[in-house]
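Visitor: Take a look at work.cif, mmCIF, C-alpha atoms:
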```
data_data
loop_
_atom_site.label_atom_id
_atom_site.label_comp_id
_atom_site.auth_asym_id
_atom_site.auth_seq_id
_atom_site.Cartn_x
_atom_site.Cartn_y
_atom_site.Cartn_z
CA ILE A 20 -8.95 9.80 -36.18
CA ARG A 21 -5.73 10.67 -37.92
CA ARG A 22 -3.36 12.40 -35.53
CA THR A 23 -0.97 15.10 -36.62
CA THR A 24 1.94 16.69 -34.83
CA GLU A 25 2.73 20.37 -34.78
CA VAL A 26 5.85 22.01 -33.41
CA CYS A 27 5.51 25.36 -31.68
CA ARG A 28 8.31 27.50 -30.22
CA TRP A 29 8.47 30.09 -27.49
CA ASN A 30 11.77 31.94 -27.12
CA GLY A 31 13.65 29.00 -28.56
CA MET A 32 11.84 26.48 -26.36
CA GLN A 33 9.88 23.78 -28.12
CA ALA A 34 6.40 22.47 -27.52
CA THR A 35 4.79 19.66 -29.46
CA MET A 36 1.07 19.45 -30.03
CA GLY A 37 -0.36 15.98 -30.51
CA THR A 38 -3.87 14.70 -31.05
CA LYS A 39 -5.90 17.28 -32.97
CA PRO A 40 -9.47 17.92 -31.82
CA CYS A 41 -12.32 16.52 -33.91
CA THR A 42 -15.31 18.65 -34.62
CA ASN A 43 -18.11 16.43 -33.30
CA ARG A 44 -17.21 16.40 -29.59
CA LYS A 45 -15.37 18.43 -27.03
CA LYS A 46 -11.82 17.47 -26.12
CA LEU A 47 -9.90 18.33 -23.02
CA ARG A 48 -6.78 20.34 -23.73
CA PHE A 49 -3.93 19.18 -21.50
CA LEU A 50 -0.61 20.96 -21.07
CA CYS A 51 1.81 18.06 -20.55
CA LEU A 52 4.86 18.40 -18.28
CA HIS A 53 7.75 15.97 -18.61
CA SER A 54 9.83 14.36 -15.89
CA PHE A 55 13.27 15.34 -14.58
CA CYS A 56 16.04 15.17 -17.18
CA THR A 57 13.78 14.44 -20.13
CA SER A 58 11.80 16.66 -22.54
CA GLY A 59 8.40 17.27 -24.04
CA LYS A 60 9.35 15.06 -26.97
CA ILE A 61 10.39 12.25 -24.63
CA PHE A 62 7.15 12.51 -22.63
CA GLU A 63 5.16 12.34 -25.85
CA THR A 64 7.12 9.21 -26.83
CA GLN A 65 6.50 7.64 -23.40
CA LEU A 66 2.76 8.26 -23.61
CA ARG A 67 2.62 7.01 -27.19
CA MET A 68 4.59 3.83 -26.42
CA ALA A 69 2.34 3.17 -23.41
CA GLY A 70 -0.77 3.46 -25.61
CA TRP A 71 -2.17 6.58 -23.96
CA MET A 72 -2.18 8.74 -27.10
CA ASP A 73 -4.26 6.23 -29.04
CA ALA A 74 -6.62 5.38 -26.17
CA MET A 75 -7.30 9.04 -25.33
CA ALA A 76 -7.35 10.38 -28.88
CA GLU A 77 -11.12 10.97 -28.86
CA ARG A 78 -11.01 12.84 -25.56
CA VAL A 79 -7.71 14.70 -25.23
CA GLU A 80 -5.59 17.19 -27.13
CA PHE A 81 -2.03 17.02 -25.82
CA THR A 82 0.41 19.94 -25.79
CA PHE A 83 3.98 19.06 -24.80
CA VAL A 84 6.43 21.70 -23.64
CA ASP A 85 10.08 21.68 -22.57
CA ALA A 86 11.14 23.06 -19.21
CA PRO A 87 13.24 26.23 -19.49
CA HIS A 88 16.34 24.73 -17.84
CA GLU A 89 18.63 22.46 -19.83
CA ARG A 90 20.16 19.76 -17.67
CA LYS A 91 23.82 20.57 -16.91
CA GLY A 92 24.65 17.66 -14.59
CA PRO A 93 24.61 13.88 -15.06
CA VAL A 94 21.66 12.41 -16.91
CA PRO A 95 20.29 9.14 -15.47
CA LYS A 96 21.68 6.14 -17.32
CA GLU A 97 18.25 4.66 -18.04
CA VAL A 98 17.22 7.93 -19.71
CA GLN A 99 20.37 8.13 -21.86
CA GLN A 100 19.99 4.49 -22.91
CA ASN A 101 16.44 4.94 -24.12
CA PHE A 102 16.10 8.56 -25.24
CA SER A 103 18.30 11.10 -26.98
CA GLY A 104 18.65 14.65 -25.69
CA PRO A 105 18.53 17.52 -25.16
CA TYR A 106 17.32 17.00 -21.60
CA TYR A 107 15.51 19.55 -19.43
CA GLN A 108 14.37 20.03 -15.83
CA TRP A 109 11.78 22.21 -14.08
CA TRP A 110 14.05 22.91 -11.10
CA ASP A 111 17.16 21.72 -9.30
CA ALA A 112 16.64 21.06 -5.59
CA ASN A 113 19.25 21.89 -2.99
CA GLU A 114 20.61 19.15 -0.73
CA ASP A 115 17.73 19.09 1.76
CA GLY A 116 15.04 19.96 -0.81
CA SER A 117 14.01 23.19 0.92
CA ILE A 118 14.89 25.30 -2.14
CA TYR A 119 14.00 24.50 -5.74
CA HIS A 120 16.42 26.54 -7.84
CA GLY A 121 14.83 27.67 -11.10
CA ALA A 122 11.22 27.01 -10.14
CA HIS A 123 10.20 30.67 -10.49
CA LEU A 124 11.47 30.79 -14.07
CA SER A 125 9.58 27.58 -14.84
CA PHE A 126 6.38 29.07 -13.39
CA ALA A 127 6.82 32.17 -15.57
CA HIS A 128 7.59 30.06 -18.64
CA LEU A 129 4.45 27.96 -18.20
CA ARG A 130 2.33 31.04 -17.65
CA ASP A 131 3.63 32.39 -20.99
CA VAL A 132 2.63 29.12 -22.68
CA MET A 133 -0.81 29.30 -21.09
CA VAL A 134 -1.32 32.89 -22.25
CA GLN A 135 -0.09 32.25 -25.79
CA GLN A 136 -1.52 28.78 -26.40
CA GLY A 137 -4.33 28.43 -23.85
CA PRO A 138 -6.79 28.08 -22.45
CA PHE A 139 -5.98 24.61 -21.17
CA ASP A 140 -8.47 22.44 -19.35
CA GLY A 141 -5.83 20.88 -17.16
CA LEU A 142 -2.26 19.84 -16.55
CA MET A 143 -0.80 16.37 -17.04
CA GLY A 144 2.61 15.47 -15.67
CA PHE A 145 4.96 12.60 -14.89
CA SER A 146 7.33 12.52 -11.89
CA GLN A 147 8.87 16.02 -11.54
CA GLY A 148 6.34 17.19 -14.12
CA GLY A 149 3.59 15.56 -12.06
CA THR A 150 4.79 17.44 -8.99
CA MET A 151 4.65 20.65 -11.03
CA ALA A 152 1.18 19.85 -12.43
CA ALA A 153 -0.32 19.24 -8.99
CA LEU A 154 1.54 22.18 -7.45
CA LEU A 155 0.27 24.69 -10.02
CA THR A 156 -3.27 23.30 -9.79
CA LEU A 157 -3.23 23.73 -6.00
CA LEU A 158 -1.63 27.18 -6.10
CA GLN A 159 -4.21 28.39 -8.61
CA ALA A 160 -7.11 26.89 -6.66
CA ARG A 161 -5.89 28.69 -3.51
CA ASN A 162 -5.46 32.00 -5.41
CA HIS A 163 -1.69 32.10 -4.92
CA MET A 164 -0.71 31.96 -8.59
CA LEU A 165 -1.92 32.12 -12.20
CA ASN A 166 -4.40 34.91 -11.62
CA GLY A 167 -6.06 35.73 -14.93
CA ILE A 168 -5.51 32.21 -16.27
CA GLU A 169 -8.73 30.25 -16.80
CA PRO A 170 -9.13 27.83 -13.85
CA PHE A 171 -8.07 24.27 -14.56
CA LYS A 172 -10.89 21.76 -14.72
CA CYS A 173 -8.70 18.85 -13.59
CA CYS A 174 -5.19 17.48 -13.34
CA LEU A 175 -3.72 14.11 -14.27
CA VAL A 176 -0.61 13.13 -12.33
CA ILE A 177 1.65 10.12 -12.83
CA ALA A 178 3.97 9.45 -9.88
CA GLY A 179 4.17 13.08 -8.76
CA LEU A 180 5.28 14.07 -5.26
CA PRO A 181 4.49 16.93 -2.91
CA SER A 182 7.07 19.69 -3.32
CA ARG A 183 9.56 19.89 -0.44
CA ALA A 184 10.43 23.54 -1.13
CA THR A 185 9.64 25.83 1.79
CA GLU A 186 8.06 28.50 -0.40
CA HIS A 187 5.66 25.96 -1.93
CA GLN A 188 4.13 24.73 1.31
CA LYS A 189 1.29 27.24 1.07
CA ALA A 190 -0.07 25.07 -1.74
CA TYR A 191 -0.70 22.29 0.76
CA ASP A 192 -2.16 24.38 3.57
CA GLY A 193 -5.91 24.32 4.08
CA LEU A 194 -8.72 21.98 3.14
CA PRO A 195 -8.44 19.76 0.07
CA VAL A 196 -9.31 21.58 -3.16
CA GLY A 197 -12.20 20.51 -5.35
CA SER A 198 -10.27 20.19 -8.62
CA PRO A 199 -10.80 16.67 -10.02
CA MET A 200 -7.57 14.68 -9.91
CA LEU A 201 -6.58 11.41 -11.57
CA TYR A 202 -3.51 10.02 -9.85
CA LEU A 203 -1.52 7.01 -11.06
CA VAL A 204 1.14 5.30 -8.94
CA GLY A 205 2.99 2.01 -9.30
CA GLU A 206 2.76 -0.77 -6.74
CA GLN A 207 6.54 -1.18 -7.12
CA ASP A 208 7.37 2.55 -7.09
CA PRO A 209 9.96 3.12 -4.32
CA LEU A 210 8.48 6.60 -3.81
CA ARG A 211 4.92 5.29 -3.50
CA SER A 212 4.44 6.10 0.20
CA ARG A 213 5.65 9.69 -0.31
CA SER A 214 3.83 10.26 -3.55
CA ILE A 215 0.40 9.06 -2.41
CA VAL A 216 0.37 11.88 0.17
CA LEU A 217 -0.15 14.28 -2.74
CA THR A 218 -3.69 12.98 -3.22
CA HIS A 219 -4.67 14.09 0.30
CA HIS A 220 -4.77 17.68 -0.93
CA PHE A 221 -7.50 16.96 -3.50
CA ARG A 222 -11.10 16.23 -2.61
CA ASN A 223 -12.23 12.80 -3.82
CA PRO A 224 -9.25 12.04 -6.10
CA THR A 225 -9.44 9.11 -8.48
CA ILE A 226 -6.44 6.91 -7.60
CA LEU A 227 -5.29 4.21 -9.98
CA PHE A 228 -2.65 1.72 -8.88
CA HIS A 229 -0.74 -0.14 -11.58
CA SER A 230 1.62 -3.09 -11.22
CA ARG A 231 4.88 -1.40 -12.28
CA GLY A 232 7.29 1.10 -10.75
CA HIS A 233 8.14 4.78 -11.32
CA VAL A 234 7.18 4.81 -14.99
CA VAL A 235 4.56 5.92 -17.49
CA PRO A 236 2.69 2.63 -17.43
CA ASN A 237 1.00 0.51 -20.05
CA LEU A 238 -2.45 0.21 -18.50
CA THR A 239 -4.64 -2.84 -18.61
CA ASP A 240 -7.97 -2.50 -20.40
CA ARG A 241 -9.74 -2.14 -17.06
CA GLU A 242 -7.28 0.49 -15.82
CA MET A 243 -7.56 2.49 -19.02
CA GLU A 244 -11.34 2.26 -18.79
CA ARG A 245 -11.16 3.92 -15.36
CA ALA A 246 -8.90 6.67 -16.74
CA LEU A 247 -11.25 7.29 -19.67
CA SER A 248 -14.25 7.37 -17.35
CA PHE A 249 -12.51 10.09 -15.35
CA LEU A 250 -11.97 12.13 -18.51
CA ASP A 251 -15.60 11.60 -19.56
CA ARG A 252 -16.83 12.94 -16.21
CA VAL A 253 -14.71 16.06 -16.58
CA ILE A 254 -15.91 16.58 -20.16
CA GLN A 255 -19.53 16.10 -19.13
CA LYS A 256 -19.20 18.55 -16.24
CA SER A 257 -17.57 21.19 -18.43
CA ASP A 258 -19.97 20.65 -21.34
CA PRO A 259 -23.29 19.20 -20.04
CA GLY A 260 -24.76 19.12 -23.54
CA ASN A 261 -22.02 16.81 -24.81
CA GLU A 262 -23.16 13.26 -25.64
CA HIS A 263 -20.99 10.20 -25.00
#
```
So, in terms of structure tokens, how does the structure I just supplied come out?

Guide:
Amino acid sequence: IRRTTEVCRWNGMQATMGTKPCTNRKKLRFLCLHSFCTSGKIFETQLRMAGWMDAMAERVEFTFVDAPHERKGPVPKEVQQNFSGPYYQWWDANEDGSIYHGAHLSFAHLRDVMVQQGPFDGLMGFSQGGTMAALLTLLQARNHMLNGIEPFKCCLVIAGLPSRATEHQKAYDGLPVGSPMLYLVGEQDPLRSRSIVLTHHFRNPTILFHSRGHVVPNLTDREMERALSFLDRVIQKSDPGNEH
């Protein structure tokens, strides 16, 4: 399948749409949320370099969006060395992490994207974007947010963490939600022990460990097969008549 890229804008903020759907099978539409101090364009590049865009082309339509807050402080050296700006963030945490400044505006911004460009079948995010993807999925499932937005069928999280913000803790209260979750975490990720806790809030999550650290990983054939099997199960559940 030949992929094309479209650029969409909302109030001066850019979103990039990747893999176009083909007509002979259903695709999952993912709204993709980048990590801290990067951008939608950078996240698209990370997924493309890691081989995800090619491997998932038959199953996923990706929509990449920038967070509404441009980074004002220092940008991590490894980001500057590998990717050009501008750089964005979904929030800026206070010293003890109890307040996420700017999160409300990010919630509103994403809701606007969902209304204008949705419906989306799920959220995909890396690091801070993974935290946001899981957080919104949980808040929606518990009827705390995104009322009127079509319920997400799944979420795909790479190295996301539970939010530390006091006002977000309601997302983690109660029994695990039934939304299917694919969670990827690196064996060498220094945040691994904290991040894996996020999966406890989803019923029967699919957890995939890879050999690297806090990165968007190149997956082995076997690991990618597990990820694709997860996507196939979600597609089959949402469209029982679809053949694979």

Visitor: Enter the distance from atom CA of Gly141 of chain A to atom CA of Lys172 of chain A, in Å, rounded to one decimal.

Guide: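 Distance reported for this atom pair: 5.7 Å.
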
Visitor: With only C-alpha atoms as the basis for distance, which of A:Gln255, A:Ser198, A:Gln65, A:Asn166 is at the shortest distance from Val134 of chain A?

Guide: A:Asn166

Visitor: Could you give me the axis-aligned bounding box of segment 223-228 of chain A, with 6 Å of padding per side, as centre plus edge lengths in Å to one decimal, as AutoDock Vina command-line options?

Guide:
```
--center_x -7.4 --center_y 7.3 --center_z -6.9 --size_x 21.6 --size_y 23.1 --size_z 18.2
```

Visitor: Excluding Asp240 of chain A and its own-chain neighbours fewer than 4 positions away, which residues fall within 12 Å of it when counting only C-alpha atoms? Please give them as number ranges by chain.

Guide: A: 70-71, 74, 229, 244-247

Visitor: Pick out the closest residue to Phe83 of chain A from this set: A:Leu124, A:Met133, A:Val98, A:Val196. Count all atoms listed in the file.

Guide: A:Met133

Visitor: So that I can see what lies close to Gly121 of chain A, please list as a list in words the residues with an atom at most 12 Å from it, counting all atoms listed in the file and leaving out residues fewer than 2 positions away in the same chain.

Guide: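 In the requested format, the answer is Ala86, Pro87, His88, Glu89, Arg90, Tyr107, Gln108, Trp109, Trp110, Asp111, Ala112, Asn113, Ile118, Tyr119, His123, Leu124, Ser125, Phe126, Ala127, His128 and Ala184 of chain A.
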